[in-house]
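Participant: mmCIF, C-alpha atoms, saved as entry-v7.cif, coming up:
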data_entry
loop_
_atom_site.label_atom_id
_atom_site.label_comp_id
_atom_site.auth_asym_id
_atom_site.auth_seq_id
_atom_site.Cartn_x
_atom_site.Cartn_y
_atom_site.Cartn_z
CA MET A 643 -12.77 17.47 4.65
CA ASP A 644 -13.36 16.55 0.96
CA ASN A 645 -12.60 18.81 -2.02
CA PHE A 646 -16.27 19.65 -2.53
CA THR A 647 -16.57 20.91 1.06
CA VAL A 648 -13.38 22.94 0.74
CA LEU A 649 -14.64 24.56 -2.47
CA SER A 650 -17.99 25.30 -0.87
CA HIS A 651 -16.31 27.06 2.05
CA GLN A 652 -14.19 29.08 -0.37
CA GLU A 653 -17.22 30.05 -2.44
CA ASN A 654 -19.15 31.11 0.66
CA PHE A 655 -16.19 33.16 1.86
CA MET A 656 -15.88 34.86 -1.53
CA SER A 657 -19.59 35.54 -1.87
CA SER A 658 -19.97 37.01 1.62
CA ARG A 659 -16.81 39.13 1.67
CA TYR A 660 -17.13 40.49 -1.86
CA ALA A 661 -20.90 40.46 -2.31
CA ARG A 662 -21.11 44.24 -2.83
CA HIS A 663 -18.23 44.18 -5.31
CA GLU A 664 -20.10 41.75 -7.54
CA LEU A 665 -22.98 44.23 -7.85
CA ILE A 666 -20.71 46.64 -9.74
CA PRO A 667 -21.13 46.30 -13.54
CA GLY A 668 -18.04 44.78 -15.13
CA TRP A 669 -16.51 43.73 -11.81
CA SER A 670 -14.60 40.41 -11.89
CA GLN A 671 -13.57 39.20 -8.45
CA GLN A 672 -11.85 36.17 -9.94
CA GLN A 673 -9.52 38.30 -12.06
CA LEU A 674 -8.46 40.16 -8.93
CA ALA A 675 -7.98 36.90 -7.02
CA ASP A 676 -5.72 35.61 -9.80
CA ALA A 677 -3.63 38.80 -9.93
CA ARG A 678 -0.07 39.18 -8.67
CA VAL A 679 1.01 42.75 -7.93
CA ILE A 680 4.36 44.14 -6.79
CA ILE A 681 4.47 47.29 -4.66
CA PHE A 682 7.75 49.16 -4.32
CA GLY A 683 7.79 51.53 -1.35
CA LEU A 684 5.76 50.99 1.84
CA GLY A 685 5.60 54.53 3.12
CA ALA A 686 2.34 56.46 3.44
CA LEU A 687 1.47 56.07 -0.25
CA GLY A 688 2.41 52.41 -0.37
CA ASN A 689 0.30 51.79 2.74
CA GLU A 690 -2.80 53.20 1.06
CA VAL A 691 -2.26 51.32 -2.18
CA ALA A 692 -1.58 48.01 -0.42
CA ARG A 693 -4.68 48.39 1.75
CA ILE A 694 -6.93 49.11 -1.22
CA LEU A 695 -5.64 46.15 -3.23
CA ALA A 696 -5.86 43.77 -0.27
CA MET A 697 -9.42 44.77 0.61
CA SER A 698 -10.42 44.66 -3.06
CA GLY A 699 -9.40 41.00 -3.16
CA VAL A 700 -6.14 40.99 -5.12
CA GLY A 701 -4.78 37.50 -4.54
CA SER A 702 -1.02 38.06 -4.22
CA LEU A 703 1.13 41.01 -3.19
CA LEU A 704 4.92 41.29 -3.15
CA LEU A 705 6.08 44.18 -0.95
CA CYS A 706 9.57 45.70 -1.32
CA ASP A 707 11.04 48.34 1.01
CA PRO A 708 14.30 48.36 3.01
CA ASP A 709 13.21 50.76 5.76
CA ARG A 710 11.89 50.34 9.29
CA VAL A 711 8.85 51.94 10.90
CA GLU A 712 9.51 55.24 12.66
CA GLU A 713 7.21 57.18 14.95
CA SER A 714 6.77 59.91 12.30
CA ASN A 715 5.22 57.28 10.00
CA LEU A 716 2.28 56.72 12.34
CA SER A 717 0.51 59.99 11.49
CA ARG A 718 0.37 59.09 7.79
CA THR A 719 0.11 55.30 7.49
CA VAL A 720 -2.91 53.03 7.89
CA LEU A 721 -1.06 49.72 8.30
CA PHE A 722 1.45 50.62 11.04
CA ARG A 723 0.84 50.69 14.79
CA GLN A 724 2.79 51.99 17.80
CA SER A 725 4.01 48.44 18.43
CA HIS A 726 5.51 48.33 14.93
CA ILE A 727 8.13 51.04 15.60
CA GLY A 728 11.54 49.60 14.79
CA ARG A 729 10.16 46.72 12.74
CA LEU A 730 10.71 46.36 9.00
CA LYS A 731 7.96 48.18 7.13
CA VAL A 732 7.23 45.26 4.82
CA GLU A 733 6.78 42.82 7.71
CA ALA A 734 4.57 45.19 9.72
CA ALA A 735 2.46 45.97 6.66
CA ALA A 736 2.13 42.30 5.71
CA GLY A 737 0.78 41.40 9.16
CA THR A 738 -1.92 44.09 9.06
CA LEU A 739 -2.87 43.27 5.46
CA VAL A 740 -3.48 39.62 6.32
CA GLU A 741 -5.66 40.74 9.23
CA LEU A 742 -7.69 42.84 6.77
CA ASN A 743 -7.91 39.94 4.29
CA PRO A 744 -6.98 36.47 5.59
CA GLY A 745 -7.14 35.09 2.05
CA LEU A 746 -4.33 37.33 0.83
CA SER A 747 -0.91 35.92 -0.05
CA VAL A 748 1.86 38.38 0.90
CA GLU A 749 5.58 38.07 0.26
CA THR A 750 8.09 40.60 1.61
CA ARG A 751 11.53 41.84 0.56
CA SER A 752 13.35 44.16 2.99
CA LEU A 753 15.92 45.38 0.45
CA PRO A 754 16.25 48.25 -2.06
CA LEU A 755 14.43 47.54 -5.32
CA ILE A 756 17.47 46.46 -7.37
CA HIS A 757 18.42 43.88 -4.74
CA GLY A 758 14.91 42.98 -3.61
CA VAL A 759 12.99 41.79 -6.68
CA GLY A 760 14.38 40.03 -9.73
CA LEU A 761 13.51 40.94 -13.31
CA GLY A 762 11.89 37.53 -13.79
CA GLU A 763 9.52 38.26 -10.91
CA ILE A 764 8.70 41.71 -12.31
CA ARG A 765 8.04 40.22 -15.77
CA ASP A 766 5.61 37.63 -14.38
CA ALA A 767 3.60 40.13 -12.32
CA HIS A 768 0.36 41.52 -13.70
CA LEU A 769 1.15 45.04 -12.50
CA VAL A 770 3.85 47.01 -10.67
CA LEU A 771 3.07 49.96 -8.40
CA SER A 772 5.76 52.56 -7.73
CA CYS A 773 5.29 54.34 -4.41
CA LEU A 774 8.87 55.56 -4.22
CA ASP A 775 10.01 58.94 -2.95
CA SER A 776 13.07 59.75 -5.06
CA ARG A 777 13.71 60.43 -8.72
CA SER A 778 16.63 58.02 -8.95
CA ALA A 779 14.57 55.15 -7.53
CA ARG A 780 11.73 55.92 -9.95
CA LEU A 781 14.14 55.89 -12.88
CA GLN A 782 15.67 52.62 -11.68
CA LEU A 783 12.27 50.97 -11.45
CA THR A 784 11.14 52.44 -14.77
CA GLY A 785 14.20 50.97 -16.45
CA ARG A 786 13.53 47.53 -14.96
CA CYS A 787 9.85 47.58 -15.95
CA GLN A 788 10.81 48.62 -19.48
CA LEU A 789 13.38 45.82 -19.75
CA VAL A 790 10.66 43.19 -19.29
CA LYS A 791 7.73 45.15 -20.77
CA ILE A 792 5.49 45.22 -17.70
CA PRO A 793 2.79 47.86 -17.02
CA TYR A 794 3.25 50.02 -13.95
CA ILE A 795 1.70 52.95 -12.13
CA ASP A 796 3.83 55.64 -10.51
CA GLY A 797 2.61 57.99 -7.81
CA GLY A 798 3.97 60.87 -5.81
CA THR A 799 2.64 63.37 -3.29
CA HIS A 800 3.16 66.97 -2.26
CA PRO A 801 1.68 68.62 0.86
CA TRP A 802 -1.74 69.25 -0.72
CA GLY A 803 -1.98 66.82 -3.61
CA GLY A 804 0.27 64.91 -5.94
CA GLU A 805 0.47 63.09 -9.24
CA VAL A 806 -0.55 59.67 -10.53
CA ARG A 807 1.20 58.46 -13.67
CA PRO A 808 -0.20 55.27 -15.23
CA TYR A 809 2.20 53.68 -17.73
CA LEU A 810 0.01 50.77 -18.73
CA ASP A 811 1.24 50.36 -22.31
CA PRO A 812 4.81 48.98 -22.20
CA ASP A 813 5.38 50.32 -25.71
CA GLY A 814 4.10 53.78 -24.83
CA PRO A 815 5.63 56.67 -22.85
CA CYS A 816 7.44 56.01 -19.56
CA TYR A 817 8.43 58.07 -16.53
CA GLY A 818 11.74 58.91 -18.16
CA CYS A 819 9.93 60.48 -21.12
CA SER A 820 8.49 63.13 -18.79
CA LEU A 821 12.00 64.34 -17.90
CA SER A 822 14.53 66.28 -19.91
CA PRO A 823 17.93 64.65 -20.61
CA GLU A 824 19.39 66.93 -17.92
CA ASP A 825 16.73 65.87 -15.39
CA ARG A 826 17.31 62.19 -16.17
CA SER A 827 21.01 62.64 -15.43
CA ILE A 828 20.58 64.41 -12.08
CA THR A 829 20.81 62.01 -9.19
CA ASP A 830 19.21 62.56 -5.81
CA VAL A 831 21.41 60.08 -3.96
CA PRO A 832 24.77 60.86 -2.27
CA TRP A 833 27.89 61.07 -4.43
CA SER A 834 29.33 58.08 -2.58
CA CYS A 835 28.79 55.87 0.45
CA LEU A 836 31.20 58.14 2.28
CA ASP A 837 28.82 61.08 1.87
CA THR A 838 27.22 61.35 5.31
CA ARG A 839 25.01 64.36 4.67
CA ALA A 840 21.64 64.02 6.37
CA GLU A 841 18.60 63.46 4.20
CA VAL A 842 16.47 66.56 3.82
CA SER A 843 12.91 65.94 4.99
CA VAL A 844 9.93 67.43 3.17
CA GLY A 845 6.43 68.15 4.38
CA ALA A 846 3.86 65.36 4.10
CA ALA A 847 0.38 64.72 5.46
CA VAL A 848 -2.10 61.88 5.40
CA PRO A 849 -4.83 63.56 3.26
CA SER A 850 -2.50 63.78 0.25
CA SER A 851 -1.30 60.18 0.65
CA ALA A 852 -4.88 58.94 0.94
CA LEU A 853 -5.99 60.97 -2.07
CA VAL A 854 -3.16 59.90 -4.38
CA GLY A 855 -3.22 56.33 -3.06
CA THR A 856 -6.93 56.04 -3.77
CA TRP A 857 -6.41 57.13 -7.36
CA MET A 858 -3.56 54.64 -7.80
CA GLY A 859 -5.59 51.84 -6.23
CA THR A 860 -8.64 52.62 -8.34
CA ILE A 861 -6.67 52.58 -11.58
CA ALA A 862 -4.86 49.39 -10.53
CA VAL A 863 -8.10 47.53 -9.74
CA ARG A 864 -9.71 48.63 -13.00
CA PHE A 865 -6.63 47.63 -15.00
CA LEU A 866 -6.47 44.20 -13.40
CA MET A 867 -10.10 43.63 -14.37
CA LYS A 868 -9.37 44.83 -17.93
CA MET A 869 -11.54 47.93 -17.58
CA ALA A 870 -10.83 51.32 -19.17
CA CYS A 871 -8.22 53.42 -17.35
CA PRO A 872 -7.06 57.05 -17.58
CA SER A 873 -4.27 57.82 -20.00
CA GLY A 874 -1.89 60.57 -18.95
CA THR A 875 -0.66 62.11 -15.71
CA LEU A 876 -3.35 62.98 -13.16
CA ARG A 877 -2.20 66.16 -11.43
CA ILE A 878 -4.18 66.51 -8.21
CA ASP A 879 -4.46 69.80 -6.31
CA SER A 880 -6.72 69.53 -3.29
CA SER A 881 -6.26 73.22 -2.39
CA ARG A 882 -8.10 74.09 -5.62
CA GLY A 883 -10.28 70.99 -5.81
CA THR A 884 -8.93 70.05 -9.25
CA THR A 885 -7.59 67.00 -11.05
CA VAL A 886 -6.02 67.81 -14.41
CA VAL A 887 -5.02 65.14 -16.91
CA ILE A 888 -1.79 65.88 -18.77
CA PRO A 889 -1.18 63.68 -21.85
CA HIS A 890 1.87 61.41 -21.87
CA VAL A 891 4.17 61.82 -24.86
CA ARG A 892 6.86 59.29 -25.72
CA ASP A 893 10.33 60.81 -26.09
CA SER A 894 12.18 59.13 -28.95
CA GLU A 895 15.47 60.05 -27.21
CA CYS A 896 14.54 58.47 -23.87
CA PRO A 897 17.19 55.81 -23.13
CA LEU A 898 14.88 53.69 -20.95
CA HIS A 899 13.01 52.10 -23.86
CA THR A 900 15.25 49.06 -24.03
CA SER A 901 13.92 45.55 -23.59
CA ILE A 902 15.42 42.10 -23.13
CA ASP A 903 14.66 39.94 -26.14
CA PHE A 904 15.67 36.33 -25.49
CA VAL A 905 16.38 34.87 -22.04
CA THR A 906 18.02 31.53 -21.24
CA LYS A 907 16.82 29.99 -17.97
CA ILE A 908 19.48 28.20 -15.93
CA GLY A 909 19.40 25.92 -12.89
CA VAL A 910 21.03 28.42 -10.56
CA SER A 911 19.33 30.30 -7.72
CA TYR A 912 20.34 33.49 -5.98
CA GLN A 913 21.43 31.36 -3.01
CA ASP A 914 23.99 29.50 -5.12
CA THR A 915 27.65 30.44 -5.53
CA MET A 916 29.58 32.14 -8.29
CA GLU A 917 31.25 28.79 -8.98
CA LYS A 918 27.89 27.20 -9.80
CA LEU A 919 26.84 30.18 -11.91
CA ARG A 920 30.02 29.94 -13.98
CA SER A 921 29.37 26.24 -14.63
CA PHE A 922 26.16 27.19 -16.50
CA LEU A 923 27.66 30.03 -18.54
CA PRO A 924 29.65 29.88 -21.79
CA LYS A 925 33.43 29.72 -21.51
CA SER A 926 35.10 33.09 -20.77
CA ALA A 927 31.70 34.72 -20.17
CA VAL A 928 31.59 37.76 -17.88
CA PRO A 929 28.37 38.15 -15.83
CA LEU A 930 27.36 41.68 -14.87
CA VAL A 931 25.15 43.11 -12.15
CA TRP A 932 22.69 45.98 -12.55
CA GLU A 933 24.21 48.03 -9.73
CA PRO A 934 27.88 48.21 -8.65
CA VAL A 935 29.11 45.80 -6.00
CA GLN A 936 32.11 46.19 -3.74
CA LYS A 937 35.21 44.15 -4.61
CA LEU A 938 37.73 45.67 -2.19
CA VAL A 939 38.11 48.36 0.46
CA GLU A 940 41.06 50.67 0.98
CA CYS A 941 42.18 53.35 3.40
CA SER A 942 43.52 56.60 1.98
CA HIS A 943 45.24 57.42 5.28
CA CYS A 944 47.35 54.36 6.05
CA ASN A 945 47.25 52.48 2.71
CA PHE A 946 45.41 49.49 4.17
CA TYR A 947 43.41 47.52 1.61
CA GLU A 948 41.56 44.22 1.53
CA THR A 949 39.56 42.22 -0.98
CA ARG A 950 35.97 42.25 0.28
CA TRP A 951 33.21 41.27 -2.15
CA GLY A 952 29.63 42.27 -1.30
CA LEU A 953 27.32 45.26 -1.19
CA PRO A 954 29.09 48.62 -0.67
CA SER A 955 29.30 49.67 2.98
CA VAL A 956 31.08 52.21 5.15
CA ASP A 957 33.42 50.47 7.59
CA SER A 958 36.33 51.66 9.70
CA CYS A 959 39.92 50.85 8.90
CA PRO A 960 41.21 48.18 11.34
CA GLN A 961 44.57 49.99 11.50
CA CYS A 962 43.74 53.70 11.85
CA GLN A 963 39.94 53.70 12.37
CA LYS A 964 39.38 56.09 9.46
CA PRO A 965 36.51 55.34 7.02
CA LEU A 966 37.41 52.76 4.40
CA ARG A 967 36.73 53.61 0.78
CA PRO A 968 34.93 50.88 -1.20
CA ARG A 969 36.05 50.08 -4.75
CA THR A 970 33.20 48.80 -6.88
CA THR A 971 32.55 47.05 -10.17
CA ILE A 972 29.63 45.72 -12.20
CA GLU A 973 31.67 42.81 -13.60
CA LEU A 974 31.80 39.56 -11.66
CA ASP A 975 34.53 37.72 -13.55
CA GLU A 976 36.96 38.19 -10.64
CA ALA A 977 34.46 37.35 -7.86
CA PRO A 978 35.58 34.33 -5.79
CA GLY A 979 33.79 31.08 -6.53
CA TYR A 980 32.60 30.64 -2.94
CA VAL A 981 30.68 33.96 -2.83
CA LYS A 982 26.90 33.53 -3.00
CA LEU A 983 24.97 35.58 -5.54
CA ALA A 984 22.74 36.90 -2.75
CA GLU A 985 25.83 38.34 -1.04
CA LEU A 986 26.40 40.39 -4.20
CA GLY A 987 22.90 41.85 -4.00
CA ILE A 988 21.42 39.59 -6.69
CA PRO A 989 17.71 38.95 -5.95
CA PRO A 990 15.58 35.86 -6.64
CA ARG A 991 14.87 35.17 -10.32
CA GLU A 992 17.15 37.93 -11.50
CA ILE A 993 18.01 38.16 -15.19
CA LEU A 994 21.76 38.67 -15.54
CA THR A 995 23.42 40.39 -18.46
CA VAL A 996 26.41 38.31 -19.59
CA ARG A 997 29.15 39.32 -22.01
CA THR A 998 30.18 36.36 -24.18
CA VAL A 999 32.33 35.83 -27.27
CA LYS A 1000 29.06 35.85 -29.26
CA GLY A 1001 27.92 39.15 -27.81
CA TRP A 1002 25.46 40.03 -25.03
CA GLN A 1003 23.21 37.29 -23.63
CA TRP A 1004 20.70 37.16 -20.81
CA PHE A 1005 20.40 34.36 -18.25
CA GLU A 1006 17.52 34.03 -15.79
CA LEU A 1007 18.01 32.49 -12.34
CA GLU A 1008 15.53 29.84 -11.25
#
Before anything else, please render the file you have as structure tokens.
Facilitator:
Amino acid sequence: MDNFTVLSHQENFMSSRYARHELIPGWSQQQLADARVIIFGLGALGNEVARILAMSGVGSLLLCDPDRVEESNLSRTVLFRQSHIGRLKVEAAAGTLVELNPGLSVETRSLPLIHGVGLGEIRDAHLVLSCLDSRSARLQLTGRCQLVKIPYIDGGTHPWGGEVRPYLDPDGPCYGCSLSPEDRSITDVPWSCLDTRAEVSVGAAVPSSALVGTWMGTIAVRFLMKMACPSGTLRIDSSRGTTVVIPHVRDSECPLHTSIDFVTKIGVSYQDTMEKLRSFLPKSAVPLVWEPVQKLVECSHCNFYETRWGLPSVDSCPQCQKPLRPRTTIELDEAPGYVKLAELGIPPREILTVRTVKGWQWFELE
């Protein structure tokens, strides 16, 4: 088949699938096809947003979520099926999305956001969508988007509505600006990996997810086509039939408005070792990670300890079977040369902060 025939087939596919889209004034199907979007969180809200973008014709989606499909997800999600129970959410969602739009390119990361998507990938996306369900995760993602100056849209639901927060101007207000200093400091994650308290579930239903997801998807599609978008938080209350827009105000004291200025790209990937990373860094440089990694484990009952680099985990002591306590660090100067960066939770195309004799520098993985 020659190139002309291939292009003709592609044009026919585009014209038939998206014919009604093209009738909308200002619509640009090509801009959507060229867009790369990252979605963090593939629960009920992430399902709706991913479906809308895929069916609208967004060309590339990167999905990030560490969880697996549970039966309780099926009453609120459009992409999961009974046969998906137990599967990773990102993989199940990706399969259904490609069925909805065979021309879609989908990449999946079944890890928490810090370990799943590198800052270089976030920087090169056209838009990030936050469909996360905790304050700490939202603040983490906000900080990463601010570091590389990328627009993002945050959404959240309550039983009969929710909020949509578009932060489309990287120099404008962010999610952190909407919180007080006290709120920004309150975590909603356990005090440590040894904290085994069960997560408290909250009420959720599909109408709210569909409503908030539709707003997020609509704003995302308009933004990607360079059309006017709402400015401010959309507070949606379906019990009253209202959507109120609350202006965003930038807080001059918000600590999240920090960006990375100059990045040096190096020939090291996240699958390479610490030894290779060190060979590309200045002498005596200390690379840091964005979230603590485990460097050893110890037992407070029998004094057992062992060097064990990697992501923090809760394991049993081989001597007394009591839970081992992980000791963590953000500095990798003592990490063994044979350890792979991926084993330390470093994602593809991450930008590492490195302390050198000349001050702080940033190095981007290939």
Participant: Applied to the shown file, which residues does the PyMOL selection byres ((chain A and resi 899) around 9) return, written as number ranges by chain?
Facilitator: A: 785, 788-789, 812-813, 815-816, 818, 894-898, 900-901
Participant: For each of A:Ser955, A:Glu973, A:Met697, A:Arg892, take the minimum atom-to-atom distance to His663 (chain A), counting all atoms listed in the file, then give the residue where this is smallest.
Facilitator: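 Checking each of A:Ser955, A:Glu973, A:Met697, A:Arg892 against His663 (chain A), counting all atoms listed in the file, the winner is A:Met697.
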Participant: Please tabulate, as JSON lines, the residues of region 795-911 of chain A that come within 12 Å of region 757-767 of chain A, each with its closest pair of atoms and the distance in Å to one decimal, counting all atoms listed in the file and ordering rows by chain, then residue number upward.
Facilitator:
{"residue": "A:Pro812", "atom": "CA", "partner": "A:Arg765", "partner_atom": "CA", "distance": 11.3}
{"residue": "A:Leu866", "atom": "CA", "partner": "A:Ala767", "partner_atom": "CA", "distance": 10.9}
{"residue": "A:Ser901", "atom": "CA", "partner": "A:Arg765", "partner_atom": "CA", "distance": 11.1}
{"residue": "A:Ile902", "atom": "CA", "partner": "A:Leu761", "partner_atom": "CA", "distance": 10.1}
{"residue": "A:Val905", "atom": "CA", "partner": "A:Gly762", "partner_atom": "CA", "distance": 9.8}
{"residue": "A:Thr906", "atom": "CA", "partner": "A:Gly762", "partner_atom": "CA", "distance": 11.4}
{"residue": "A:Lys907", "atom": "CA", "partner": "A:Gly762", "partner_atom": "CA", "distance": 9.9}
{"residue": "A:Ser911", "atom": "CA", "partner": "A:Gly760", "partner_atom": "CA", "distance": 11.1}
Participant: Enumerate, as an MDAnalysis selection string, the residues matched when the PyMOL selection byres ((chain A and resi 922-933) around 7) is run on the file above.
Facilitator: chainID A and resid 908 918:921 934:935 972:975 994:998
Participant: Ranking A:Glu664, A:Glu992, A:Asp775, A:Glu824 by minimum distance to Leu684 (chain A) and counting all atoms listed in the file, which one comes first?
Facilitator: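 The closest residue to Leu684 (chain A) is A:Asp775.
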Participant: With the file shown as input, list the residues that the PyMOL selection byres ((chain A and resi 677) around 6) selects, as JSON, numbers by chain.
Facilitator: {"A": [674, 675, 676, 678, 700, 701]}
Participant: How many Å lie between CA of Met858 (chain A) and CA of Ser822 (chain A), rounded to one decimal?
Facilitator: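 Separating CA of Met858 (chain A) from CA of Ser822 (chain A) is a distance of 24.7 Å.
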Participant: I'd like the contact shell of Leu938 (chain A) - 12 Å cut-off, all atoms listed in the file, skipping same-chain residues fewer than 5 positions apart - returned as a short mmCIF file (atom, residue, chain, number, x, y, z; two decimals) with C-alpha atoms, keeping the file's coordinate frame.
Facilitator:
data_model
loop_
_atom_site.label_atom_id
_atom_site.label_comp_id
_atom_site.auth_asym_id
_atom_site.auth_seq_id
_atom_site.Cartn_x
_atom_site.Cartn_y
_atom_site.Cartn_z
CA PHE A 946 45.41 49.49 4.17
CA TYR A 947 43.41 47.52 1.61
CA GLU A 948 41.56 44.22 1.53
CA THR A 949 39.56 42.22 -0.98
CA ARG A 950 35.97 42.25 0.28
CA TRP A 951 33.21 41.27 -2.15
CA GLY A 952 29.63 42.27 -1.30
CA LEU A 953 27.32 45.26 -1.19
CA PRO A 954 29.09 48.62 -0.67
CA SER A 955 29.30 49.67 2.98
CA VAL A 956 31.08 52.21 5.15
CA ASP A 957 33.42 50.47 7.59
CA LEU A 966 37.41 52.76 4.40
CA ARG A 967 36.73 53.61 0.78
CA PRO A 968 34.93 50.88 -1.20
CA ARG A 969 36.05 50.08 -4.75
CA THR A 970 33.20 48.80 -6.88
CA THR A 971 32.55 47.05 -10.17
CA GLU A 976 36.96 38.19 -10.64
CA ALA A 977 34.46 37.35 -7.86
#
Participant: In Å, how far is it from CA of Val679 (chain A) to CA of Gly859 (chain A)?
Facilitator: 11.4 Å
Participant: Please compute the CA of Ala736 (chain A)-CA of Glu712 (chain A) distance, one decimal, in Å.
Facilitator: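 Between CA of Ala736 (chain A) and CA of Glu712 (chain A) the gap is 16.4 Å.
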Participant: Could you name the residues that touch region 713-721 of chain A at 12 Å or less, counting only C-alpha atoms, but leaving out those on the same chain fewer than 3 positions away, as a ChimeraX atom specification?
Facilitator: /A:684-694,696,709-710,724-729,731-742,801,843,845-853,855
